[in-house]
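A.B. asks: Dropping in query_13.txt, with compact mmCIF, C-alpha atoms and all ligand atoms.
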```
# COMPACT_ATOMS: atom_id res chain seq x y z
CA MET A 1 105.24 124.65 73.36
CA ARG A 2 104.92 122.73 70.13
CA SER A 3 101.84 120.53 69.87
CA GLU A 4 104.11 117.50 69.18
CA SER A 5 105.84 118.11 72.52
CA ARG A 6 102.49 118.31 74.32
CA ALA A 7 101.40 115.08 72.66
CA ASP A 8 104.70 113.37 73.63
CA LEU A 9 104.32 114.48 77.24
CA ALA A 10 100.69 113.31 77.41
CA ARG A 11 101.59 109.96 75.84
CA GLN A 12 104.54 109.27 78.11
CA LEU A 13 103.39 110.77 81.41
CA GLY A 14 99.62 110.24 81.18
CA ASP A 15 97.71 111.99 83.93
CA ARG A 16 100.97 112.88 85.74
CA VAL A 17 101.26 115.87 83.42
CA ARG A 18 98.75 118.74 83.30
CA PHE A 19 98.60 121.48 80.69
CA ASP A 20 98.16 125.26 80.98
CA VAL A 21 98.40 125.21 84.76
CA PRO A 22 98.47 128.60 86.55
CA ILE A 23 101.83 128.86 88.33
CA GLY A 24 101.60 132.52 89.38
CA PRO A 25 99.48 131.40 92.38
CA LEU A 26 102.32 129.03 93.41
CA THR A 27 104.56 132.04 94.03
CA THR A 28 104.50 134.42 96.98
CA TYR A 29 103.83 137.32 94.57
CA ARG A 30 100.65 135.46 93.56
CA VAL A 31 100.64 137.17 90.16
CA GLY A 32 101.55 135.86 86.70
CA GLY A 33 100.38 133.27 84.24
CA SER A 34 100.45 129.55 83.48
CA ALA A 35 103.02 126.91 82.60
CA ALA A 36 102.41 125.13 79.31
CA ALA A 37 102.95 121.84 81.18
CA PHE A 38 103.24 121.06 84.88
CA VAL A 39 104.33 117.93 86.76
CA THR A 40 104.44 117.32 90.50
CA VAL A 41 107.11 114.65 90.93
CA GLU A 42 106.05 112.18 93.62
CA SER A 43 109.05 109.82 93.89
CA ARG A 44 112.66 109.29 92.85
CA ALA A 45 111.52 106.68 90.31
CA GLU A 46 109.06 109.16 88.85
CA LEU A 47 111.79 111.81 88.71
CA ASP A 48 113.89 109.45 86.57
CA ARG A 49 110.94 108.92 84.23
CA VAL A 50 110.14 112.65 83.99
CA THR A 51 113.75 113.63 83.30
CA THR A 52 114.02 111.01 80.55
CA VAL A 53 110.90 112.43 78.92
CA CYS A 54 111.92 116.08 79.39
CA GLY A 55 115.46 115.39 78.15
CA ALA A 56 114.10 114.11 74.86
CA LEU A 57 111.79 117.12 74.38
CA ASP A 58 112.60 120.40 72.72
CA ALA A 59 111.18 122.42 75.65
CA ALA A 60 112.49 124.58 78.47
CA THR A 61 112.20 123.32 82.04
CA LEU A 62 111.60 125.25 85.26
CA VAL A 63 111.91 123.96 88.81
CA ILE A 64 109.51 125.61 91.23
CA GLY A 65 110.23 125.34 94.95
CA ARG A 66 107.97 127.40 97.21
CA GLY A 67 107.95 130.27 94.72
CA SER A 68 109.26 132.78 97.24
CA ASN A 69 111.91 134.19 94.94
CA MET A 70 110.14 134.09 91.61
CA LEU A 71 108.13 136.46 89.41
CA VAL A 72 106.19 134.76 86.61
CA ALA A 73 105.22 136.89 83.59
CA ASP A 74 101.50 137.40 82.92
CA GLU A 75 102.07 135.54 79.64
CA GLY A 76 103.30 132.55 81.65
CA PHE A 77 106.08 130.03 81.01
CA ASP A 78 106.21 128.15 77.71
CA GLY A 79 107.82 124.96 78.93
CA VAL A 80 107.59 122.18 81.53
CA ALA A 81 107.42 123.31 85.16
CA LEU A 82 108.39 120.73 87.79
CA GLN A 83 107.74 120.70 91.50
CA LEU A 84 108.96 118.07 93.96
CA GLY A 85 106.22 116.42 96.00
CA ASP A 86 106.05 115.16 99.59
CA PHE A 87 108.71 112.47 99.09
CA ALA A 88 111.30 115.27 99.14
CA THR A 89 110.15 116.99 102.35
CA PHE A 90 111.95 114.69 104.82
CA VAL A 91 114.26 116.05 107.53
CA GLU A 92 116.58 113.39 108.95
CA LEU A 93 118.37 114.52 112.12
CA PRO A 94 121.77 113.17 113.18
CA ASP A 95 122.36 110.86 116.10
CA ARG A 96 123.46 112.56 119.34
CA ARG A 97 126.57 110.32 119.36
CA ASP A 98 127.76 111.45 115.88
CA SER A 99 131.16 113.13 116.03
CA ASP A 100 130.40 115.02 112.79
CA PRO A 101 126.64 115.65 112.93
CA ILE A 102 124.95 115.97 109.53
CA VAL A 103 121.28 116.70 108.73
CA ARG A 104 119.94 115.03 105.59
CA VAL A 105 117.05 116.98 104.14
CA GLY A 106 114.84 116.75 101.03
CA ALA A 107 114.92 119.68 98.62
CA ALA A 108 111.17 120.33 98.98
CA ALA A 109 111.40 120.73 102.76
CA SER A 110 110.55 124.21 103.97
CA LEU A 111 113.36 126.26 105.52
CA PRO A 112 111.31 127.40 108.56
CA ILE A 113 110.41 123.77 109.34
CA LEU A 114 114.06 122.73 108.96
CA ALA A 115 115.11 125.55 111.31
CA ARG A 116 112.53 124.65 113.94
CA ARG A 117 113.13 120.88 113.76
CA THR A 118 116.90 121.19 114.14
CA ALA A 119 116.74 123.88 116.83
CA GLY A 120 114.11 121.91 118.77
CA ALA A 121 116.45 118.91 118.87
CA GLY A 122 119.38 121.05 120.06
CA TRP A 123 121.25 121.29 116.76
CA ARG A 124 122.61 124.75 116.08
CA GLY A 125 123.54 126.64 112.91
CA LEU A 126 120.29 126.73 110.92
CA GLU A 127 118.24 129.13 113.06
CA TRP A 128 118.58 131.90 110.42
CA ALA A 129 116.43 129.81 108.03
CA VAL A 130 113.27 130.32 110.13
CA GLY A 131 112.74 133.72 108.47
CA VAL A 132 113.16 132.60 104.85
CA PRO A 133 109.94 131.16 103.40
CA GLY A 134 111.57 129.03 100.70
CA SER A 135 112.45 125.39 100.11
CA VAL A 136 115.83 123.83 100.74
CA GLY A 137 116.37 123.30 96.97
CA GLY A 138 115.59 126.93 96.17
CA ALA A 139 117.85 127.98 99.04
CA VAL A 140 120.79 126.06 97.58
CA ARG A 141 120.31 127.59 94.13
CA MET A 142 120.06 131.10 95.63
CA ASN A 143 122.49 130.52 98.50
CA ALA A 144 119.76 131.96 100.70
CA GLY A 145 120.78 133.44 103.99
CA GLY A 146 120.24 136.07 106.62
CA HIS A 147 121.11 137.11 110.17
CA GLY A 148 124.83 136.63 109.50
CA SER A 149 124.66 133.19 107.92
CA ASP A 150 123.66 131.39 104.72
CA MET A 151 123.41 127.95 103.13
CA ALA A 152 127.12 127.96 102.27
CA ALA A 153 127.96 128.08 105.99
CA SER A 154 126.46 124.61 106.62
CA LEU A 155 126.22 122.89 103.27
CA VAL A 156 128.26 119.71 102.84
CA ASP A 157 126.89 118.58 99.47
CA ALA A 158 123.75 118.28 97.35
CA LEU A 159 122.34 115.52 95.16
CA VAL A 160 121.59 117.18 91.81
CA VAL A 161 119.77 115.71 88.81
CA ASP A 162 120.52 117.03 85.33
CA LEU A 163 117.10 117.55 83.73
CA THR A 164 118.48 117.15 80.23
CA THR A 165 120.22 113.79 80.79
CA GLY A 166 118.61 112.42 83.95
CA ALA A 167 122.08 111.87 85.43
CA ALA A 168 122.23 112.26 89.22
CA ARG A 169 125.45 113.37 90.91
CA VAL A 170 126.49 114.62 94.33
CA TRP A 171 127.95 118.14 94.05
CA THR A 172 130.27 119.23 96.85
CA ARG A 173 129.86 122.67 98.37
CA ASP A 174 132.80 123.97 96.33
CA GLU A 175 131.38 122.59 93.08
CA LEU A 176 128.10 124.42 93.73
CA GLY A 177 129.91 127.77 93.52
CA LEU A 178 127.83 129.36 96.26
CA ARG A 179 128.20 133.14 96.42
CA PHE A 180 126.10 136.03 97.76
CA ARG A 181 122.53 135.07 96.69
CA GLY A 182 123.68 132.86 93.85
CA SER A 183 125.31 129.59 92.80
CA ASP A 184 126.59 127.81 89.70
CA LEU A 185 123.33 125.80 89.40
CA ASP A 186 121.33 126.60 86.27
CA ASP A 187 117.92 125.68 84.87
CA ARG A 188 119.05 122.17 83.94
CA CYS A 189 119.78 121.37 87.58
CA LEU A 190 117.30 119.99 90.06
CA VAL A 191 118.43 119.65 93.67
CA VAL A 192 116.86 116.52 95.20
CA GLU A 193 118.44 116.37 98.64
CA VAL A 194 121.07 118.11 100.67
CA ARG A 195 123.43 117.39 103.59
CA LEU A 196 124.04 120.15 106.11
CA ARG A 197 126.55 120.21 108.96
CA VAL A 198 125.18 121.28 112.35
CA VAL A 199 126.70 121.64 115.79
CA PRO A 200 125.33 120.34 119.09
CA GLY A 201 123.98 122.98 121.44
CA ASP A 202 121.23 124.00 123.79
CA ALA A 203 117.67 123.72 122.43
CA HIS A 204 116.41 126.58 124.65
CA GLU A 205 119.12 128.92 123.42
CA ALA A 206 118.38 127.92 119.80
CA GLN A 207 114.66 128.63 120.41
CA ARG A 208 115.52 132.04 121.85
CA VAL A 209 117.46 132.90 118.68
CA ILE A 210 114.52 131.72 116.56
CA ASP A 211 112.07 133.86 118.55
CA ASP A 212 114.31 136.93 118.11
CA ILE A 213 114.53 136.37 114.34
CA VAL A 214 110.76 135.94 113.98
CA LYS A 215 110.20 139.12 116.01
CA TRP A 216 112.77 141.06 113.94
CA ARG A 217 111.11 139.93 110.69
CA ARG A 218 107.65 140.97 111.91
CA GLU A 219 108.93 144.40 112.89
CA ASN A 220 111.08 145.09 109.82
CA GLN A 221 109.52 143.32 106.85
CA PRO A 222 106.11 143.66 105.25
CA GLY A 223 103.66 140.78 104.90
CA GLY A 224 101.44 140.37 101.84
CA GLN A 225 102.40 139.54 98.29
CA ASN A 226 106.13 139.93 97.70
CA ALA A 227 109.27 137.87 97.13
CA GLY A 228 111.48 139.38 99.81
CA SER A 229 114.40 141.51 98.66
CA VAL A 230 114.12 142.32 94.96
CA PHE A 231 117.68 143.44 94.25
CA VAL A 232 120.97 141.91 95.40
CA ASN A 233 122.87 144.16 97.80
CA PRO A 234 125.66 145.73 95.69
CA ILE A 235 128.25 145.48 98.49
CA PRO A 236 127.06 142.75 100.89
CA GLY A 237 127.38 143.85 104.51
CA GLU A 238 128.31 147.42 103.50
CA LEU A 239 125.85 148.89 101.02
CA SER A 240 122.31 147.59 100.68
CA ALA A 241 120.01 147.95 97.69
CA GLY A 242 117.32 149.19 100.10
CA GLU A 243 119.53 152.11 101.15
CA LEU A 244 120.07 153.15 97.52
CA ILE A 245 116.35 152.88 96.73
CA ASP A 246 115.58 154.98 99.82
CA ARG A 247 118.13 157.61 98.82
CA ALA A 248 116.41 157.82 95.42
CA GLY A 249 113.17 158.64 97.28
CA LEU A 250 111.31 155.63 95.91
CA ARG A 251 109.62 154.24 99.04
CA GLY A 252 105.92 153.97 98.17
CA PHE A 253 106.53 154.50 94.43
CA ARG A 254 103.65 152.85 92.57
CA ILE A 255 102.79 151.73 89.02
CA GLY A 256 99.34 150.15 88.61
CA SER A 257 99.00 147.22 91.01
CA ALA A 258 102.58 147.20 92.37
CA GLU A 259 104.50 149.47 94.72
CA VAL A 260 107.81 149.78 96.55
CA SER A 261 107.01 148.77 100.11
CA THR A 262 106.70 151.64 102.55
CA LYS A 263 108.13 149.35 105.26
CA HIS A 264 111.22 148.03 103.42
CA ALA A 265 112.49 149.81 100.29
CA ASN A 266 113.94 146.66 98.70
CA PHE A 267 110.55 144.88 98.74
CA ILE A 268 107.96 145.36 95.99
CA GLN A 269 104.39 144.56 96.97
CA ALA A 270 101.79 143.29 94.49
CA ASP A 271 98.10 143.96 95.04
CA GLU A 272 95.63 141.12 95.22
CA GLY A 273 94.64 140.32 91.62
CA GLY A 274 97.60 142.40 90.42
CA ARG A 275 99.78 142.06 87.35
CA ALA A 276 103.34 140.78 87.00
CA SER A 277 103.91 143.46 84.36
CA ASP A 278 103.31 146.14 87.01
CA VAL A 279 105.84 144.53 89.36
CA MET A 280 108.30 144.43 86.45
CA SER A 281 107.64 148.08 85.58
CA VAL A 282 108.33 149.13 89.16
CA MET A 283 111.54 147.05 89.13
CA ARG A 284 112.71 148.70 85.89
CA HIS A 285 111.92 152.18 87.17
CA VAL A 286 113.75 151.54 90.46
CA HIS A 287 116.73 150.06 88.62
CA ASP A 288 117.00 153.00 86.22
CA ARG A 289 116.56 155.71 88.90
CA VAL A 290 119.17 154.13 91.18
CA LEU A 291 121.59 153.81 88.25
CA THR A 292 121.13 157.48 87.32
CA GLU A 293 121.36 158.76 90.88
CA SER A 294 124.11 156.53 92.34
CA GLY A 295 125.79 154.74 89.44
CA HIS A 296 124.92 151.32 90.96
CA ASP A 297 123.57 148.84 88.40
CA LEU A 298 121.28 146.80 90.66
CA ARG A 299 120.86 143.11 89.77
CA SER A 300 117.59 141.26 90.32
CA GLU A 301 117.69 138.70 93.13
CA VAL A 302 114.22 137.53 92.11
CA ARG A 303 114.14 134.82 89.44
CA LEU A 304 112.26 136.29 86.44
CA VAL A 305 110.30 133.64 84.54
CA GLY A 306 108.79 134.06 81.06
CA PHE A 307 109.89 137.67 80.51
CA ALA A 308 111.50 138.62 77.20
C1 LIG B 401 108.98 137.55 102.97
C2 LIG B 401 110.22 136.98 102.33
C3 LIG B 401 111.43 137.09 102.97
C4 LIG B 401 112.59 136.58 102.38
N1 LIG B 401 113.77 136.70 103.06
C5 LIG B 401 114.89 136.18 102.51
C6 LIG B 401 116.14 136.25 103.21
O1 LIG B 401 116.24 136.78 104.33
N2 LIG B 401 117.24 135.73 102.63
C7 LIG B 401 117.19 135.13 101.41
O2 LIG B 401 118.22 134.64 100.93
N3 LIG B 401 116.02 135.05 100.72
C8 LIG B 401 114.89 135.54 101.23
N4 LIG B 401 113.70 135.45 100.55
C9 LIG B 401 113.70 134.85 99.20
C10 LIG B 401 113.44 133.35 99.15
O3 LIG B 401 112.67 132.90 100.25
C11 LIG B 401 114.73 132.52 99.04
O4 LIG B 401 115.51 132.89 97.93
C12 LIG B 401 114.42 131.03 98.96
O5 LIG B 401 115.59 130.28 99.14
C13 LIG B 401 113.81 130.61 97.62
O6 LIG B 401 113.37 129.28 97.73
P1 LIG B 401 112.07 128.80 96.93
O7 LIG B 401 111.92 127.35 97.19
O8 LIG B 401 110.91 129.64 97.25
O9 LIG B 401 112.58 129.03 95.45
P2 LIG B 401 111.70 129.48 94.16
O10 LIG B 401 111.25 130.88 94.32
O11 LIG B 401 110.66 128.44 93.94
O12 LIG B 401 112.83 129.39 93.08
C14 LIG B 401 113.95 130.26 93.12
C15 LIG B 401 115.01 129.68 92.18
O13 LIG B 401 115.46 128.43 92.69
C16 LIG B 401 115.22 127.39 91.74
N5 LIG B 401 114.82 126.18 92.48
C17 LIG B 401 113.80 126.01 93.34
N6 LIG B 401 113.80 124.75 93.84
C18 LIG B 401 114.85 124.13 93.26
C19 LIG B 401 115.39 122.80 93.33
N7 LIG B 401 114.84 121.86 94.09
N8 LIG B 401 116.46 122.51 92.57
C20 LIG B 401 117.05 123.45 91.79
N9 LIG B 401 116.59 124.71 91.66
C21 LIG B 401 115.51 125.03 92.40
C22 LIG B 401 114.12 127.91 90.83
O14 LIG B 401 114.15 127.28 89.55
C23 LIG B 401 114.47 129.38 90.78
O15 LIG B 401 115.49 129.61 89.84
C24 LIG B 401 112.53 135.96 101.11
C25 LIG B 401 111.29 135.84 100.46
C26 LIG B 401 110.15 136.35 101.06
C27 LIG B 401 108.83 136.19 100.35
```
Written as structure tokens, how would this file's structure read?
Ligand SMILES: Cc1cc2nc3c(=O)[nH]c(=O)nc-3n(C[C@H](O)[C@H](O)[C@H](O)COP(=O)(O)OP(=O)(O)OC[C@H]3O[C@@H](n4cnc5c(N)ncnc54)[C@H](O)[C@@H]3O)c2cc1C
C.D. replies:
Amino acid sequence: MRSESRADLARQLGDRVRFDVPIGPLTTYRVGGSAAAFVTVESRAELDRVTTVCGALDAATLVIGRGSNMLVADEGFDGVALQLGDFATFVELPDRRDSDPIVRVGAAASLPILARRTAGAGWRGLEWAVGVPGSVGGAVRMNAGGHGSDMAASLVDALVVDLTTGAARVWTRDELGLRFRGSDLDDRCLVVEVRLRVVPGDAHEAQRVIDDIVKWRRENQPGGQNAGSVFVNPIPGELSAGELIDRAGLRGFRIGSAEVSTKHANFIQADEGGRASDVMSVMRHVHDRVLTESGHDLRSEVRLVGFA
């Protein structure tokens, strides 16, 4: 980032902005470098101020949620990284008498907490989210999902701020262009809050579903440093990336500090103190081998930050 841009940021945001902040540790891979500048946004008013400043700068922006779908290059990110603070973690449940019950939730709220809060109050439809360790904002951008559902199934609309102009607008579900593990949101867009439709039901039944999902995750997915599924399933519901990687015999394949999980072939595990470049090398190798052996050109589901 140009030194003039750093000076502008420091002048206009004071101690709200920090420089050369390690952001790799903010991701579930826990590898990778620093952001040239980093701001935790603590209120809507502050968001307006930050977007005005960022909009006038000649610098890239990056929104970081809970970093559970992100690989940051060892060289880091040469721009302004933003993260929403506690003001955006609220979960507002509907009233029992509502004929069309809607949950209002901040974009920084965690999906497992959202799932447990709604299920505990007898609202159904978001149980799947208990197994996805991301934020609501990241889940909208990725159209996260699992266990037969996804964000698109419940989403009514999202309040989105354009980081280049500061303009805030409510995008309807259709405008968001949600598709399998993707949306029409790009790096200029910051989701601030979301409305989700739920249905009334039995809290005990919802809890049973949650318990089953947690058990299934423990049995079928590895813990440790990863970002969940690395590649998008080429034919959702029919052909999984994991199956293709398995057929190519790549379970356990290792380069340096990263390896294809032995428990789930579409997960790549990073070692403690590992390197993002090793994770990337494993991804490239897997991609190329699967392309040669099956003809499927796998696409990364993980957001790659700072790579050429
Ligand atoms: C163990 C494990 C299991 C997982 N299982 C699943 C699964 O079953 N299904 C699934 O879909 N995913 C899964 N994931 C991936 C991940 O949890 C989801 O994609 C999640 O929605 C990402 O949210 P996040 O806040 O962590 O986003 P980040 O990783 O922080 O960011 C991902 C993308 O979203 C953008 N973003 C983040 N917050 C915002 C915001 N407020 N506004 C606009 N853009 C934003 C970022 O800029 C980036 O482009 C798994 C990950 C792990 C580690």
A.B. asks: Which residue is closest to Val63 in chain A? Choose from A:Val50, A:Leu82, A:Ala168, A:Val91 and count all atoms listed in the file.
C.D. replies: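 Of A:Val50, A:Leu82, A:Ala168, A:Val91, the one nearest Val63 in chain A, counting all atoms listed in the file, is A:Leu82.
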A.B. asks: List all protein, DNA and RNA residues that have an atom no more than 6 Å from any atom of ligand LIG 401 (chain B), counting only C-alpha atoms and all ligand atoms, and report them as an MDAnalysis selection string.
C.D. replies: chainID A and resid 28 62:70 107 132:135 137:139 141:142 144:146 189:192 226:228 303
A.B. asks: Extract, using all atoms listed in the file, all DNA, RNA and protein residues at most 10 Å from Asp157 in chain A, discarding same-chain residues fewer than 4 positions from it, and format them as a ChimeraX atom specification.
C.D. replies: /A:104,140,152,170-176,193-197
A.B. asks: Nearest to Leu178 in chain A among A:Leu163, A:Ile102, A:Leu111, A:Val156, with distances taken over only C-alpha atoms: which residue is it?
C.D. replies: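 For Leu178 in chain A, the nearest of the candidates is A:Val156.
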A.B. asks: Nearest to Pro112 in chain A among A:Ala59, A:Ala88, A:Val136, A:Val282, with distances taken over all atoms listed in the file: which residue is it?
C.D. replies: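 Closest residue, counting all atoms listed in the file: A:Val136.
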A.B. asks: Give me the box for range 173-178 of chain A as JSON, namely the centre and edge lengths in Å to one decimal of a box along x, y and z that holds every listed atom plus 4 Å on each side.
C.D. replies:
```
{"center_x": 130.3, "center_y": 126.0, "center_z": 95.7, "size_x": 13.0, "size_y": 14.8, "size_z": 13.3}
```
A.B. asks: Quick one: pull the distance between CA of Met280 in chain A and CA of Phe307 in chain A, Å, one decimal.
C.D. replies: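 One can read the CA of Met280 in chain A to CA of Phe307 in chain A distance as 9.1 Å.
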A.B. asks: Need to verify the contact set: Pro22 in chain A, 7 Å, all atoms listed in the file, exclusion of same-chain residues closer than 5 positions in sequence. Can you return it as a ChimeraX atom specification?
C.D. replies: /A:33-35
A.B. asks: Output the selection as a PDB file, in the frame of the given file - C-alpha atoms for each residue.
C.D. replies:
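Generated output (out.pdb):
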```pdb
ATOM      1  CA  GLY A  33     100.380 133.270  84.240  1.00  0.00           C
ATOM      2  CA  SER A  34     100.450 129.550  83.480  1.00  0.00           C
ATOM      3  CA  ALA A  35     103.020 126.910  82.600  1.00  0.00           C
TER       4      ALA A  35
END
```
A.B. asks: Between CA of Met1 in chain A and CA of Thr165 in chain A, what distance in Å does the model show, to one decimal?
C.D. replies: 19.9 Å
A.B. asks: Go ahead and find all residues with at least one atom no further than 12 Å from (117.7, 148.3, 97.2) in the file's coordinates, using all atoms listed in the file; report them as a compact mmCIF listing (two decimals) with C-alpha atoms, in the frame of the given file.
C.D. replies:
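Below you can see out.txt, which holds the result:
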```txt
# COMPACT_ATOMS: atom_id res chain seq x y z
CA GLY A 228 111.48 139.38 99.81
CA SER A 229 114.40 141.51 98.66
CA VAL A 230 114.12 142.32 94.96
CA PHE A 231 117.68 143.44 94.25
CA VAL A 232 120.97 141.91 95.40
CA ASN A 233 122.87 144.16 97.80
CA PRO A 234 125.66 145.73 95.69
CA ILE A 235 128.25 145.48 98.49
CA PRO A 236 127.06 142.75 100.89
CA LEU A 239 125.85 148.89 101.02
CA SER A 240 122.31 147.59 100.68
CA ALA A 241 120.01 147.95 97.69
CA GLY A 242 117.32 149.19 100.10
CA GLU A 243 119.53 152.11 101.15
CA LEU A 244 120.07 153.15 97.52
CA ILE A 245 116.35 152.88 96.73
CA ASP A 246 115.58 154.98 99.82
CA ARG A 247 118.13 157.61 98.82
CA ALA A 248 116.41 157.82 95.42
CA GLY A 249 113.17 158.64 97.28
CA LEU A 250 111.31 155.63 95.91
CA ARG A 251 109.62 154.24 99.04
CA VAL A 260 107.81 149.78 96.55
CA SER A 261 107.01 148.77 100.11
CA HIS A 264 111.22 148.03 103.42
CA ALA A 265 112.49 149.81 100.29
CA ASN A 266 113.94 146.66 98.70
CA PHE A 267 110.55 144.88 98.74
CA ILE A 268 107.96 145.36 95.99
CA MET A 283 111.54 147.05 89.13
CA VAL A 286 113.75 151.54 90.46
CA HIS A 287 116.73 150.06 88.62
CA ASP A 288 117.00 153.00 86.22
CA ARG A 289 116.56 155.71 88.90
CA VAL A 290 119.17 154.13 91.18
CA LEU A 291 121.59 153.81 88.25
CA SER A 294 124.11 156.53 92.34
CA HIS A 296 124.92 151.32 90.96
CA ASP A 297 123.57 148.84 88.40
CA LEU A 298 121.28 146.80 90.66
CA ARG A 299 120.86 143.11 89.77
CA SER A 300 117.59 141.26 90.32
CA GLU A 301 117.69 138.70 93.13
```
A.B. asks: Measure the distance from CA of Ala258 in chain A to CA of Gly24 in chain A in Å and round it to one decimal.
C.D. replies: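 Computing the Euclidean distance for CA of Ala258 in chain A and CA of Gly24 in chain A yields 15.0 Å.
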A.B. asks: From the options A:Val279, A:Ala206, A:Val302, A:Ala153, which residue's atoms come nearest to Arg117 in chain A, counting only C-alpha atoms?
C.D. replies: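 Of A:Val279, A:Ala206, A:Val302, A:Ala153, the one nearest Arg117 in chain A is A:Ala206, counting only C-alpha atoms.
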A.B. asks: Name the closest residue to Pro101 in chain A among the candidates A:Val305, A:Val199, A:Ala73, A:Ala56; distances are taken between atoms, counting only C-alpha atoms.
C.D. replies: A:Val199
A.B. asks: So that I can check the surroundings of Ala36 in chain A, please list as a PyMOL selection string every protein, DNA and RNA residue that reaches within 12 Å of it, counting all atoms listed in the file and ignoring chain neighbours fewer than 4 positions away.
C.D. replies: chain A and resi 1-3+5-6+9+17-23+59-62+75-82+306
A.B. asks: Restricting the output to C-alpha atoms, write the selected residues as an mmCIF file, keeping the file's coordinate frame.
C.D. replies:
```cif
data_model
loop_
_atom_site.group_PDB
_atom_site.id
_atom_site.type_symbol
_atom_site.label_atom_id
_atom_site.label_comp_id
_atom_site.auth_asym_id
_atom_site.auth_seq_id
_atom_site.Cartn_x
_atom_site.Cartn_y
_atom_site.Cartn_z
ATOM 1 C CA MET A 1 105.240 124.650 73.360
ATOM 2 C CA ARG A 2 104.920 122.730 70.130
ATOM 3 C CA SER A 3 101.840 120.530 69.870
ATOM 4 C CA SER A 5 105.840 118.110 72.520
ATOM 5 C CA ARG A 6 102.490 118.310 74.320
ATOM 6 C CA LEU A 9 104.320 114.480 77.240
ATOM 7 C CA VAL A 17 101.260 115.870 83.420
ATOM 8 C CA ARG A 18 98.750 118.740 83.300
ATOM 9 C CA PHE A 19 98.600 121.480 80.690
ATOM 10 C CA ASP A 20 98.160 125.260 80.980
ATOM 11 C CA VAL A 21 98.400 125.210 84.760
ATOM 12 C CA PRO A 22 98.470 128.600 86.550
ATOM 13 C CA ILE A 23 101.830 128.860 88.330
ATOM 14 C CA ALA A 59 111.180 122.420 75.650
ATOM 15 C CA ALA A 60 112.490 124.580 78.470
ATOM 16 C CA THR A 61 112.200 123.320 82.040
ATOM 17 C CA LEU A 62 111.600 125.250 85.260
ATOM 18 C CA GLU A 75 102.070 135.540 79.640
ATOM 19 C CA GLY A 76 103.300 132.550 81.650
ATOM 20 C CA PHE A 77 106.080 130.030 81.010
ATOM 21 C CA ASP A 78 106.210 128.150 77.710
ATOM 22 C CA GLY A 79 107.820 124.960 78.930
ATOM 23 C CA VAL A 80 107.590 122.180 81.530
ATOM 24 C CA ALA A 81 107.420 123.310 85.160
ATOM 25 C CA LEU A 82 108.390 120.730 87.790
ATOM 26 C CA GLY A 306 108.790 134.060 81.060
#
```
